[in-house]
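The file data31.txt contains compact mmCIF, C-alpha atoms:
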# COMPACT_ATOMS: atom_id res chain seq x y z
CA MET A 1 37.62 35.66 -26.29
CA GLY A 2 39.77 35.64 -23.19
CA PHE A 3 39.05 34.19 -19.78
CA LYS A 4 40.30 35.43 -16.43
CA GLU A 5 42.87 33.14 -14.90
CA SER A 6 41.94 31.75 -11.48
CA LYS A 7 45.11 31.32 -9.43
CA ASN A 8 43.33 30.44 -6.19
CA PHE A 9 40.80 27.96 -7.56
CA SER A 10 37.68 27.76 -5.37
CA LEU A 11 34.42 26.29 -6.61
CA ASN A 12 32.50 28.06 -3.83
CA SER A 13 33.83 31.51 -4.78
CA ILE A 14 33.31 30.88 -8.50
CA ALA A 15 29.71 29.78 -7.83
CA LYS A 16 29.14 32.94 -5.75
CA GLU A 17 30.57 35.15 -8.49
CA ILE A 18 28.30 33.61 -11.11
CA GLU A 19 25.27 33.80 -8.79
CA ASP A 20 25.96 37.51 -8.13
CA PHE A 21 26.49 38.21 -11.86
CA TRP A 22 23.16 36.53 -12.74
CA ALA A 23 21.32 38.50 -10.03
CA LYS A 24 22.94 41.85 -10.85
CA ASN A 25 22.24 41.57 -14.58
CA ASP A 26 18.81 39.83 -14.40
CA VAL A 27 20.16 37.05 -16.62
CA PHE A 28 17.29 34.67 -15.85
CA ILE A 29 14.65 37.34 -16.64
CA LYS A 30 16.42 38.38 -19.85
CA SER A 31 16.70 34.78 -21.03
CA SER A 32 12.89 34.49 -20.74
CA ASN A 33 12.03 37.79 -22.50
CA ARG A 34 11.45 36.35 -25.94
CA ASP A 35 7.85 37.22 -26.66
CA ASN A 36 8.23 36.64 -30.39
CA ARG A 37 9.68 33.14 -29.94
CA LYS A 38 7.94 29.76 -29.74
CA SER A 39 7.17 28.82 -26.12
CA PHE A 40 8.45 25.86 -24.16
CA VAL A 41 6.43 25.72 -20.93
CA PHE A 42 7.75 24.05 -17.78
CA PHE A 43 5.75 23.56 -14.58
CA GLU A 44 7.93 22.18 -11.81
CA GLY A 45 6.67 19.08 -10.10
CA PRO A 46 6.13 20.98 -6.86
CA PRO A 47 8.09 20.28 -3.69
CA SER A 48 6.44 20.44 -0.27
CA ALA A 49 7.57 23.45 1.72
CA ASN A 50 6.54 21.88 5.04
CA GLY A 51 9.66 19.70 4.93
CA MET A 52 13.38 20.44 4.60
CA PRO A 53 14.99 19.96 1.17
CA GLY A 54 17.47 17.12 0.73
CA ILE A 55 20.29 16.22 -1.65
CA HIS A 56 17.82 14.25 -3.81
CA HIS A 57 15.94 17.49 -4.48
CA VAL A 58 19.18 19.10 -5.70
CA MET A 59 19.84 16.17 -8.03
CA GLY A 60 16.31 16.14 -9.42
CA ARG A 61 16.24 19.89 -9.97
CA ALA A 62 19.65 19.85 -11.69
CA ILE A 63 18.28 17.35 -14.22
CA LYS A 64 15.15 19.45 -14.79
CA ASP A 65 17.30 22.56 -15.28
CA ILE A 66 19.33 20.89 -18.03
CA PHE A 67 16.27 20.51 -20.25
CA CYS A 68 15.07 24.10 -19.71
CA ARG A 69 18.53 25.53 -20.42
CA PHE A 70 18.85 23.36 -23.53
CA LYS A 71 15.51 24.61 -24.90
CA THR A 72 16.62 28.19 -24.14
CA LEU A 73 19.82 27.63 -26.18
CA GLN A 74 17.63 26.39 -29.01
CA GLY A 75 15.92 29.77 -29.05
CA TYR A 76 12.65 29.00 -27.27
CA LYS A 77 10.88 31.31 -24.82
CA VAL A 78 11.08 29.08 -21.76
CA ASN A 79 8.50 29.80 -19.08
CA ARG A 80 9.60 28.07 -15.89
CA LYS A 81 6.84 28.16 -13.30
CA ALA A 82 7.59 27.12 -9.72
CA GLY A 83 4.99 25.48 -7.55
CA TRP A 84 4.29 24.41 -3.96
CA ASP A 85 2.61 21.13 -3.14
CA THR A 86 0.38 21.59 -0.09
CA HIS A 87 -0.87 18.01 0.07
CA GLY A 88 -3.24 17.75 2.97
CA LEU A 89 -2.88 14.81 5.32
CA PRO A 90 0.74 15.04 6.57
CA VAL A 91 0.25 18.78 7.11
CA GLU A 92 -3.06 18.23 8.94
CA LEU A 93 -1.60 15.52 11.17
CA GLY A 94 1.40 17.74 11.97
CA VAL A 95 -0.85 20.65 12.93
CA GLU A 96 -3.12 18.43 15.02
CA LYS A 97 -0.11 17.03 16.85
CA GLU A 98 1.27 20.54 17.45
CA LEU A 99 -2.09 21.82 18.75
CA GLY A 100 -2.92 18.65 20.67
CA ILE A 101 -6.23 18.10 18.85
CA THR A 102 -7.94 15.44 16.73
CA LYS A 103 -10.23 15.67 13.71
CA GLU A 104 -13.23 15.62 16.08
CA ASP A 105 -12.07 18.94 17.64
CA ILE A 106 -12.24 20.87 14.35
CA GLY A 107 -15.32 23.07 14.42
CA THR A 108 -15.68 22.76 18.19
CA THR A 109 -12.53 23.57 20.19
CA ILE A 110 -10.96 25.24 17.14
CA SER A 111 -12.81 26.94 14.29
CA ILE A 112 -12.50 25.59 10.76
CA GLU A 113 -11.10 28.96 9.64
CA ASP A 114 -8.39 28.98 12.33
CA TYR A 115 -7.55 25.34 11.56
CA ASN A 116 -7.20 26.09 7.83
CA ASN A 117 -5.07 29.15 8.53
CA LYS A 118 -2.78 27.13 10.81
CA CYS A 119 -2.41 24.47 8.11
CA ARG A 120 -1.58 27.14 5.48
CA GLU A 121 1.02 28.60 7.83
CA ASN A 122 2.52 25.20 8.65
CA VAL A 123 2.76 24.05 5.04
CA MET A 124 4.98 27.00 4.12
CA LYS A 125 7.26 27.04 7.16
CA PHE A 126 10.39 26.03 5.20
CA LYS A 127 9.60 28.16 2.13
CA ASN A 128 12.53 30.57 2.72
CA ILE A 129 15.01 27.69 3.00
CA TRP A 130 13.74 26.25 -0.29
CA GLU A 131 14.10 29.64 -1.99
CA ASP A 132 17.67 30.06 -0.67
CA LEU A 133 18.58 26.58 -1.94
CA THR A 134 17.11 27.44 -5.34
CA ASP A 135 19.36 30.50 -5.63
CA ILE A 136 22.48 28.77 -4.27
CA MET A 137 22.26 25.82 -6.68
CA GLY A 138 21.62 28.14 -9.65
CA TYR A 139 18.25 26.61 -10.46
CA TRP A 140 16.30 28.95 -12.74
CA VAL A 141 12.58 28.90 -11.95
CA ASP A 142 10.06 31.73 -11.46
CA MET A 143 9.31 31.78 -7.73
CA ASN A 144 7.62 35.18 -7.80
CA LYS A 145 4.40 33.81 -9.29
CA PRO A 146 4.25 30.15 -8.20
CA TYR A 147 1.21 27.91 -8.44
CA ILE A 148 0.08 26.73 -4.99
CA THR A 149 -2.16 23.71 -4.70
CA TYR A 150 -4.28 25.18 -1.89
CA ASP A 151 -5.24 28.27 -3.93
CA ASN A 152 -8.88 28.33 -5.00
CA LYS A 153 -7.76 29.10 -8.56
CA TYR A 154 -5.66 25.93 -8.63
CA ILE A 155 -8.41 23.82 -7.04
CA GLU A 156 -10.98 25.17 -9.51
CA SER A 157 -8.64 24.28 -12.40
CA VAL A 158 -8.50 20.69 -11.16
CA TRP A 159 -12.31 20.53 -10.99
CA TRP A 160 -12.49 22.02 -14.50
CA LEU A 161 -10.14 19.34 -15.82
CA LEU A 162 -12.24 16.62 -14.16
CA SER A 163 -15.37 18.08 -15.77
CA GLN A 164 -13.69 17.93 -19.19
CA ILE A 165 -12.74 14.30 -18.62
CA ASP A 166 -16.33 13.56 -17.59
CA LYS A 167 -17.78 15.29 -20.66
CA LYS A 168 -15.62 13.07 -22.85
CA GLY A 169 -17.02 9.96 -21.14
CA MET A 170 -13.66 9.03 -19.66
CA LEU A 171 -14.66 9.24 -15.98
CA TYR A 172 -16.12 6.11 -14.39
CA LYS A 173 -16.82 4.68 -10.99
CA GLY A 174 -14.90 1.60 -9.97
CA HIS A 175 -12.80 0.12 -7.19
CA THR A 176 -9.09 0.43 -6.46
CA ILE A 177 -7.05 -1.01 -3.63
CA GLN A 178 -5.06 1.61 -1.74
CA PRO A 179 -3.68 2.28 1.73
CA PHE A 180 -6.32 3.82 3.98
CA SER A 181 -6.24 5.56 7.35
CA PRO A 182 -9.34 4.77 9.45
CA LYS A 183 -8.39 7.48 11.96
CA ALA A 184 -8.02 10.19 9.30
CA GLY A 185 -10.88 8.76 7.22
CA THR A 186 -9.02 9.04 3.93
CA GLY A 187 -6.90 7.16 1.46
CA LEU A 188 -3.13 7.54 1.68
CA SER A 189 -0.63 8.23 -1.09
CA SER A 190 2.60 6.26 -1.42
CA HIS A 191 4.39 9.42 -0.22
CA GLU A 192 2.33 9.51 2.96
CA LEU A 193 2.84 5.80 3.55
CA ASN A 194 6.61 6.33 3.39
CA GLN A 195 6.68 9.09 6.01
CA PRO A 196 9.21 8.42 8.81
CA GLY A 197 7.75 6.21 11.53
CA CYS A 198 4.89 4.86 9.41
CA TYR A 199 6.31 1.33 9.16
CA LYS A 200 7.05 -0.33 12.47
CA ASP A 201 8.17 -3.78 13.54
CA VAL A 202 5.14 -5.34 15.20
CA LYS A 203 4.20 -8.79 16.45
CA ASP A 204 0.95 -9.96 14.89
CA THR A 205 -1.03 -13.16 15.17
CA SER A 206 -0.36 -15.25 12.06
CA VAL A 207 -2.53 -18.14 10.93
CA THR A 208 -1.85 -21.07 8.64
CA ALA A 209 -5.42 -21.88 7.66
CA GLN A 210 -6.86 -25.15 6.31
CA PHE A 211 -9.02 -24.77 3.20
CA LEU A 212 -11.12 -27.90 2.62
CA ILE A 213 -11.10 -29.18 -0.96
CA GLU A 214 -14.47 -29.85 -2.60
CA GLU A 215 -15.45 -33.46 -3.23
CA THR A 216 -15.00 -33.16 -7.01
CA GLY A 217 -11.29 -32.41 -6.62
CA LYS A 218 -10.37 -35.36 -4.43
CA LYS A 219 -9.62 -37.61 -7.41
CA VAL A 220 -6.45 -35.57 -8.00
CA PHE A 221 -4.96 -36.74 -4.70
CA ASN A 222 -3.73 -40.15 -3.55
CA SER A 223 -5.06 -40.13 -0.01
CA LYS A 224 -8.16 -41.38 1.76
CA LYS A 225 -7.82 -38.68 4.39
CA THR A 226 -9.61 -35.31 4.22
CA VAL A 227 -7.55 -33.01 1.97
CA PHE A 228 -6.86 -29.33 2.79
CA PHE A 229 -4.85 -26.57 1.11
CA LEU A 230 -2.68 -24.70 3.62
CA ALA A 231 -2.30 -20.90 3.28
CA TRP A 232 -0.44 -18.61 5.66
CA THR A 233 -1.39 -15.01 6.51
CA THR A 234 -0.21 -12.33 8.92
CA THR A 235 -3.58 -10.54 8.58
CA PRO A 236 -6.21 -13.02 9.81
CA TRP A 237 -8.85 -10.23 9.73
CA THR A 238 -8.79 -10.56 5.91
CA LEU A 239 -9.70 -14.28 5.97
CA PRO A 240 -13.50 -13.67 5.94
CA SER A 241 -12.88 -11.85 2.63
CA ASN A 242 -11.02 -14.77 1.03
CA THR A 243 -12.34 -15.74 -2.42
CA ALA A 244 -9.38 -17.59 -3.98
CA LEU A 245 -6.08 -19.33 -3.33
CA ALA A 246 -3.07 -18.71 -5.57
CA VAL A 247 -0.40 -21.27 -6.43
CA ASN A 248 2.44 -21.03 -8.92
CA LYS A 249 2.02 -23.43 -11.82
CA ASN A 250 5.80 -23.96 -11.97
CA ILE A 251 6.26 -24.90 -8.30
CA GLN A 252 6.43 -28.50 -7.08
CA TYR A 253 3.82 -29.20 -4.39
CA VAL A 254 3.37 -32.23 -2.14
CA LEU A 255 0.49 -33.93 -0.38
CA VAL A 256 1.43 -34.58 3.24
CA GLU A 257 -0.48 -36.90 5.56
CA THR A 258 -0.37 -35.64 9.15
CA ILE A 259 -2.61 -34.67 12.08
CA ASN A 260 -3.99 -31.30 13.13
CA GLN A 261 -2.05 -30.30 16.26
CA TYR A 262 -5.12 -28.68 17.88
CA THR A 263 -7.86 -31.24 17.23
CA LYS A 264 -5.63 -34.31 16.61
CA THR A 265 -7.72 -35.02 13.49
CA PRO A 266 -5.94 -37.01 10.73
CA VAL A 267 -5.60 -34.81 7.62
CA ALA A 268 -3.78 -34.57 4.30
CA VAL A 269 -2.45 -31.10 3.42
CA VAL A 270 -1.05 -29.51 0.27
CA VAL A 271 2.08 -27.32 0.57
CA ALA A 272 5.08 -26.43 -1.58
CA GLU A 273 7.72 -29.14 -1.30
CA LYS A 274 10.52 -26.68 -0.44
CA LEU A 275 8.49 -25.29 2.48
CA VAL A 276 7.71 -28.59 4.20
CA PRO A 277 10.50 -28.07 6.81
CA LYS A 278 9.13 -24.59 7.65
CA VAL A 279 5.49 -25.64 7.82
CA PHE A 280 6.13 -28.56 10.13
CA SER A 281 9.20 -27.23 11.99
CA ALA A 282 10.00 -30.73 13.22
CA PRO A 283 11.91 -33.80 12.07
CA PHE A 284 10.10 -36.20 9.74
CA VAL A 285 8.30 -38.90 11.74
CA ARG A 286 5.59 -41.36 10.72
CA VAL A 287 2.57 -42.16 12.90
CA ASP A 288 3.95 -45.57 13.91
CA GLU A 289 7.21 -43.93 15.06
CA LEU A 290 5.63 -41.48 17.52
CA VAL A 291 7.22 -41.38 20.98
CA ASP A 292 5.28 -38.48 22.51
CA HIS A 293 1.79 -38.09 21.03
CA ASN A 294 1.28 -34.76 22.81
CA LYS A 295 4.38 -33.02 21.46
CA GLN A 296 5.21 -34.72 18.17
CA ILE A 297 3.36 -34.08 14.90
CA PRO A 298 3.79 -36.96 12.48
CA TYR A 299 3.87 -36.31 8.77
CA GLU A 300 4.61 -38.27 5.64
CA ILE A 301 4.84 -37.08 2.03
CA VAL A 302 2.58 -39.32 -0.02
CA GLN A 303 2.40 -37.51 -3.38
CA HIS A 304 4.22 -34.97 -5.56
CA ILE A 305 2.17 -32.73 -7.80
CA MET A 306 2.92 -29.69 -9.98
CA GLY A 307 1.11 -26.41 -9.33
CA ALA A 308 -0.36 -26.49 -12.85
CA GLU A 309 -2.39 -29.59 -11.87
CA LEU A 310 -3.99 -27.75 -8.94
CA ILE A 311 -5.31 -24.76 -10.90
CA GLY A 312 -9.09 -24.76 -11.24
CA LEU A 313 -9.77 -26.99 -8.22
CA LYS A 314 -12.50 -25.70 -5.90
CA TYR A 315 -12.54 -25.53 -2.11
CA HIS A 316 -15.12 -24.77 0.56
CA GLN A 317 -15.38 -21.18 1.83
CA LEU A 318 -13.23 -20.85 4.95
CA MET A 319 -15.51 -18.51 6.93
CA PRO A 320 -19.05 -18.56 5.45
CA LEU A 321 -20.33 -15.48 7.23
CA VAL A 322 -21.33 -13.73 3.98
CA GLU A 323 -21.21 -14.53 0.27
CA PRO A 324 -20.00 -12.37 -2.64
CA HIS A 325 -22.99 -10.43 -3.94
CA GLU A 326 -22.19 -11.39 -7.57
CA ASN A 327 -20.37 -14.04 -9.61
CA LYS A 328 -20.10 -16.30 -6.55
CA GLU A 329 -20.00 -19.41 -8.71
CA ASN A 330 -16.47 -18.34 -9.75
CA ALA A 331 -15.23 -17.86 -6.18
CA PHE A 332 -13.29 -20.24 -3.93
CA LYS A 333 -10.99 -21.82 -6.49
CA ILE A 334 -7.28 -22.31 -7.08
CA ILE A 335 -5.70 -19.82 -9.49
CA HIS A 336 -2.18 -19.12 -10.78
CA GLY A 337 -0.08 -16.23 -9.45
CA ASP A 338 3.39 -15.36 -10.75
CA PHE A 339 4.13 -13.68 -7.41
CA VAL A 340 3.73 -16.94 -5.46
CA SER A 341 7.15 -18.12 -4.26
CA THR A 342 8.74 -20.55 -1.84
CA GLU A 343 10.40 -17.86 0.26
CA ASP A 344 7.99 -18.19 3.18
CA GLY A 345 4.53 -19.38 4.13
CA THR A 346 3.25 -22.53 2.43
CA GLY A 347 3.65 -21.71 -1.27
CA ILE A 348 -0.11 -21.13 -1.41
CA VAL A 349 -1.33 -17.54 -1.05
CA HIS A 350 -4.67 -16.55 0.47
CA ILE A 351 -6.38 -14.07 -1.89
CA ALA A 352 -8.67 -11.33 -0.52
CA PRO A 353 -9.28 -9.06 -3.56
CA THR A 354 -10.84 -6.24 -1.51
CA PHE A 355 -7.72 -5.79 0.64
CA GLY A 356 -4.67 -6.28 -1.58
CA ALA A 357 -3.61 -4.71 -4.87
CA ASP A 358 -1.88 -7.90 -6.10
CA ASP A 359 -4.86 -9.93 -4.92
CA ALA A 360 -7.30 -7.69 -6.79
CA LEU A 361 -5.31 -7.86 -10.02
CA VAL A 362 -4.87 -11.64 -10.10
CA ALA A 363 -8.51 -12.18 -9.07
CA LYS A 364 -9.70 -9.91 -11.88
CA ASN A 365 -7.56 -11.81 -14.40
CA PHE A 366 -9.27 -15.07 -13.41
CA GLY A 367 -12.77 -13.64 -13.01
CA VAL A 368 -12.78 -14.19 -9.24
CA PRO A 369 -15.10 -11.77 -7.39
CA GLY A 370 -14.17 -9.73 -4.36
CA MET A 371 -16.05 -10.26 -1.11
CA LEU A 372 -18.48 -7.34 -1.34
CA VAL A 373 -21.91 -6.97 0.25
CA LEU A 374 -24.63 -4.48 -0.66
CA ASP A 375 -25.46 -1.62 1.68
CA GLU A 376 -28.96 -0.21 2.27
CA ASN A 377 -28.66 1.81 -0.97
CA GLY A 378 -27.62 -1.17 -3.05
CA ASN A 379 -23.97 -0.09 -3.28
CA PRO A 380 -21.27 -2.78 -2.91
CA ARG A 381 -18.90 -2.41 0.02
CA PRO A 382 -16.15 -4.54 1.62
CA LEU A 383 -16.49 -6.31 4.94
CA VAL A 384 -14.64 -3.52 6.78
CA ASP A 385 -16.07 0.01 6.95
CA LEU A 386 -14.17 3.30 6.66
CA GLN A 387 -13.58 3.40 10.42
CA GLY A 388 -11.83 0.03 10.33
CA ARG A 389 -14.72 -2.01 11.80
CA PHE A 390 -16.36 -5.18 10.54
CA VAL A 391 -19.73 -4.45 8.93
CA PRO A 392 -23.03 -5.68 10.49
CA GLU A 393 -23.20 -8.67 8.11
CA MET A 394 -20.15 -10.14 9.89
CA GLY A 395 -22.22 -11.76 12.63
CA GLU A 396 -20.32 -12.28 15.88
CA PHE A 397 -17.48 -10.07 14.61
CA ALA A 398 -19.76 -7.17 13.60
CA GLY A 399 -18.59 -3.81 14.95
CA MET A 400 -15.13 -5.06 15.97
CA TYR A 401 -12.18 -2.98 14.83
CA VAL A 402 -9.84 -5.11 12.74
CA LYS A 403 -6.88 -3.78 14.77
CA ASN A 404 -6.92 -3.02 18.49
CA GLU A 405 -4.92 0.17 17.77
CA TYR A 406 -8.09 1.70 16.26
CA TYR A 407 -9.96 1.65 19.59
CA ALA A 408 -10.00 4.68 21.87
CA GLU A 409 -7.61 4.41 24.80
CA GLY A 410 -8.81 1.86 27.34
CA GLU A 411 -11.60 0.49 25.11
CA ALA A 412 -9.75 -2.25 23.22
CA PRO A 413 -10.89 -5.81 24.04
CA GLU A 414 -8.45 -8.25 25.57
CA ARG A 415 -8.53 -10.38 22.40
CA SER A 416 -8.12 -8.62 19.05
CA ALA A 417 -10.10 -9.49 15.93
CA ASP A 418 -7.08 -11.46 14.65
CA VAL A 419 -6.98 -13.53 17.84
CA GLU A 420 -10.76 -14.11 17.87
CA ILE A 421 -10.66 -15.33 14.27
CA ALA A 422 -7.72 -17.61 15.03
CA ILE A 423 -9.61 -19.13 17.98
CA ARG A 424 -12.73 -19.79 15.85
CA LEU A 425 -10.63 -21.46 13.17
CA LYS A 426 -8.93 -23.65 15.79
CA GLU A 427 -12.28 -24.72 17.20
CA GLN A 428 -13.64 -25.53 13.72
CA ASP A 429 -10.61 -27.61 12.68
CA LYS A 430 -9.64 -24.93 10.12
CA ALA A 431 -6.36 -23.72 11.64
CA PHE A 432 -3.20 -25.76 11.15
CA LYS A 433 -0.85 -23.38 12.96
CA VAL A 434 -1.32 -20.15 14.95
CA GLU A 435 1.68 -18.19 16.20
CA LYS A 436 3.05 -14.70 16.74
CA TYR A 437 5.02 -13.27 13.83
CA GLU A 438 7.18 -10.14 13.83
CA HIS A 439 7.14 -8.09 10.64
CA SER A 440 7.30 -4.53 9.34
CA TYR A 441 3.78 -3.15 9.01
CA PRO A 442 2.39 0.34 8.31
Structure translated into structure tokens:
Amino acid sequence: MGFKESKNFSLNSIAKEIEDFWAKNDVFIKSSNRDNRKSFVFFEGPPSANGMPGIHHVMGRAIKDIFCRFKTLQGYKVNRKAGWDTHGLPVELGVEKELGITKEDIGTTISIEDYNNKCRENVMKFKNIWEDLTDIMGYWVDMNKPYITYDNKYIESVWWLLSQIDKKGMLYKGHTIQPFSPKAGTGLSSHELNQPGCYKDVKDTSVTAQFLIEETGKKVFNSKKTVFFLAWTTTPWTLPSNTALAVNKNIQYVLVETINQYTKTPVAVVVAEKLVPKVFSAPFVRVDELVDHNKQIPYEIVQHIMGAELIGLKYHQLMPLVEPHENKENAFKIIHGDFVSTEDGTGIVHIAPTFGADDALVAKNFGVPGMLVLDENGNPRPLVDLQGRFVPEMGEFAGMYVKNEYYAEGEAPERSADVEIAIRLKEQDKAFKVEKYEHSYP
């Protein structure tokens, strides 16, 4: 078999020749016409046609194509079905921004039908570009009869699958921790959370809180002063939901005698040894060496102790506004967490199982309950509702949005929930340090 010699070698022209040859001779169609052969069925993990394709799509599709071509060479009838992912929220938010509306306007200033039609139009606005890319890169997939996730047929197939799972007793009701948008009123996928502009550098109120050890645990420590565990958080609004503190059994901790900078009360606090310079942010100075009592915070390390010795100790609930509705005898204790490090904070992590995936997992492993209260129907719910507000059981904080950004324009209070909580903790001798902290937050 001979091959034509290419004197003026050009990958672009060769690719175009092959593309034209495939199209003219229906090579893709012919390779699939094997009705008497065993089938190998491929459904493409569908791209989203409301966004432009990128080089990573080319790479991913090239890998997919290898497997389908290999199965074709093996003699299989390879059905390659294209698809379009019309996932809702990013499309809805884009349409609402384009039309200058919010969710509340749907059904009033714009009909539901017109809104749906606009979303269906928007979600396919780059479809032609995707189809051109598919041809140019030589990716063989049937785009004439794609599956589209907004089609009733597709939606009904998903409901049918769920019904089959339910009939087999494999569907259950439980709790998961996931990102949630109070404004949209829905959970968010990892894809949605990684949309451009979602994460921003913001300055939040951070609190290093003092968790008072229970009387039974004092024998572990060599101090006559009141002993506290120190835990740092950049989300003070989660502190009412605290039900555990995590240490790392392999980290060296220290007991430090000092004074609370806000109340001037003598205390002894537990922190990771490596983080002492960060927690105190001042040169070591004993009480009898103080020069300026108003500006200097004395501290002295009086005991070293491994994290393993702290596990199982109990402490008093930091903000006793509500109690867990079940298994409360196993709450408010020190547990081990592999994720606890000495990179920042105090080396002791505040655990709120209802608001963190890592928190929920480690709490479950140690039998620690989440802070859930029962609603009027007897269903457990967290201390923040789906609009981002504290529930009625939260006393003086009831009805407050946990972030000022959730308020309508001009309605946010001067002091956010984070600030109000920090102030209460200061007044109650439960805050060791309160300061602004800049971090990347969704």
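Note that CA of Thr108 (chain A) and CA of Asp151 (chain A) are 25.1 Å apart.
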Please provide the set of residues having any atom within 10 Å of Lys118 (chain A), restricted to all atoms listed in the file, with same-chain residues fewer than 4 positions apart removed, written as a PDB file with C-alpha atoms, keeping the file's coordinate frame.
ATOM      1  CA  VAL A  91       0.250  18.780   7.110  1.00  0.00           C
ATOM      2  CA  GLU A  92      -3.060  18.230   8.940  1.00  0.00           C
ATOM      3  CA  VAL A  95      -0.850  20.650  12.930  1.00  0.00           C
ATOM      4  CA  GLU A  96      -3.120  18.430  15.020  1.00  0.00           C
ATOM      5  CA  LEU A  99      -2.090  21.820  18.750  1.00  0.00           C
ATOM      6  CA  ILE A 112     -12.500  25.590  10.760  1.00  0.00           C
ATOM      7  CA  GLU A 113     -11.100  28.960   9.640  1.00  0.00           C
ATOM      8  CA  ASP A 114      -8.390  28.980  12.330  1.00  0.00           C
ATOM      9  CA  ASN A 122       2.520  25.200   8.650  1.00  0.00           C
ATOM     10  CA  VAL A 123       2.760  24.050   5.040  1.00  0.00           C
TER      11      VAL A 123
END
For region 314-324 of chain A, work out the shell of residues within 9 Å, counting all atoms listed in the file and skipping chain neighbours fewer than 5 positions away, then give it as number ranges by chain. A: 209-217, 228-229, 239-244, 331-334, 369-373, 383, 393-395, 425, 430
Any idea what's packed within 10 Å of region 22-34 of chain A, counting all atoms listed in the file, ignoring anything in its chain fewer than 4 positions away? Could you give it as a list of chain:residue names? A:Lys16, A:Glu17, A:Ile18, A:Lys38, A:Ser39, A:Arg69, A:Thr72, A:Leu73, A:Gly75, A:Tyr76, A:Lys77, A:Val78, A:Asn79, A:Arg80, A:Asp135, A:Gly138, A:Tyr139, A:Trp140, A:Val141, A:Asp142
I'd like the neighbourhood of Gly337 (chain A) as a list in words, where a residue qualifies if any of its atoms comes within 6 Å (using all atoms listed in the file), though same-chain residues fewer than 3 positions away should be ignored.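 Residues meeting the cut-off are Ala246, Val247, Asn248 and Val340 of chain A.
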Considering all atoms listed in the file, return as number ranges by chain whatever protein or nucleic-acid residues lie within 9 Å of Ala417 (chain A), sequence-local ones (same chain, fewer than 2 positions apart) excluded. A: 236-237, 397, 400-404, 413, 415, 419-422
Restricting the calculation to only C-alpha atoms, which member of A:Pro442, A:Leu245, A:Met137, A:Pro380 is positioned closest to Phe366 (chain A)?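 Nearest to Phe366 (chain A): A:Leu245.
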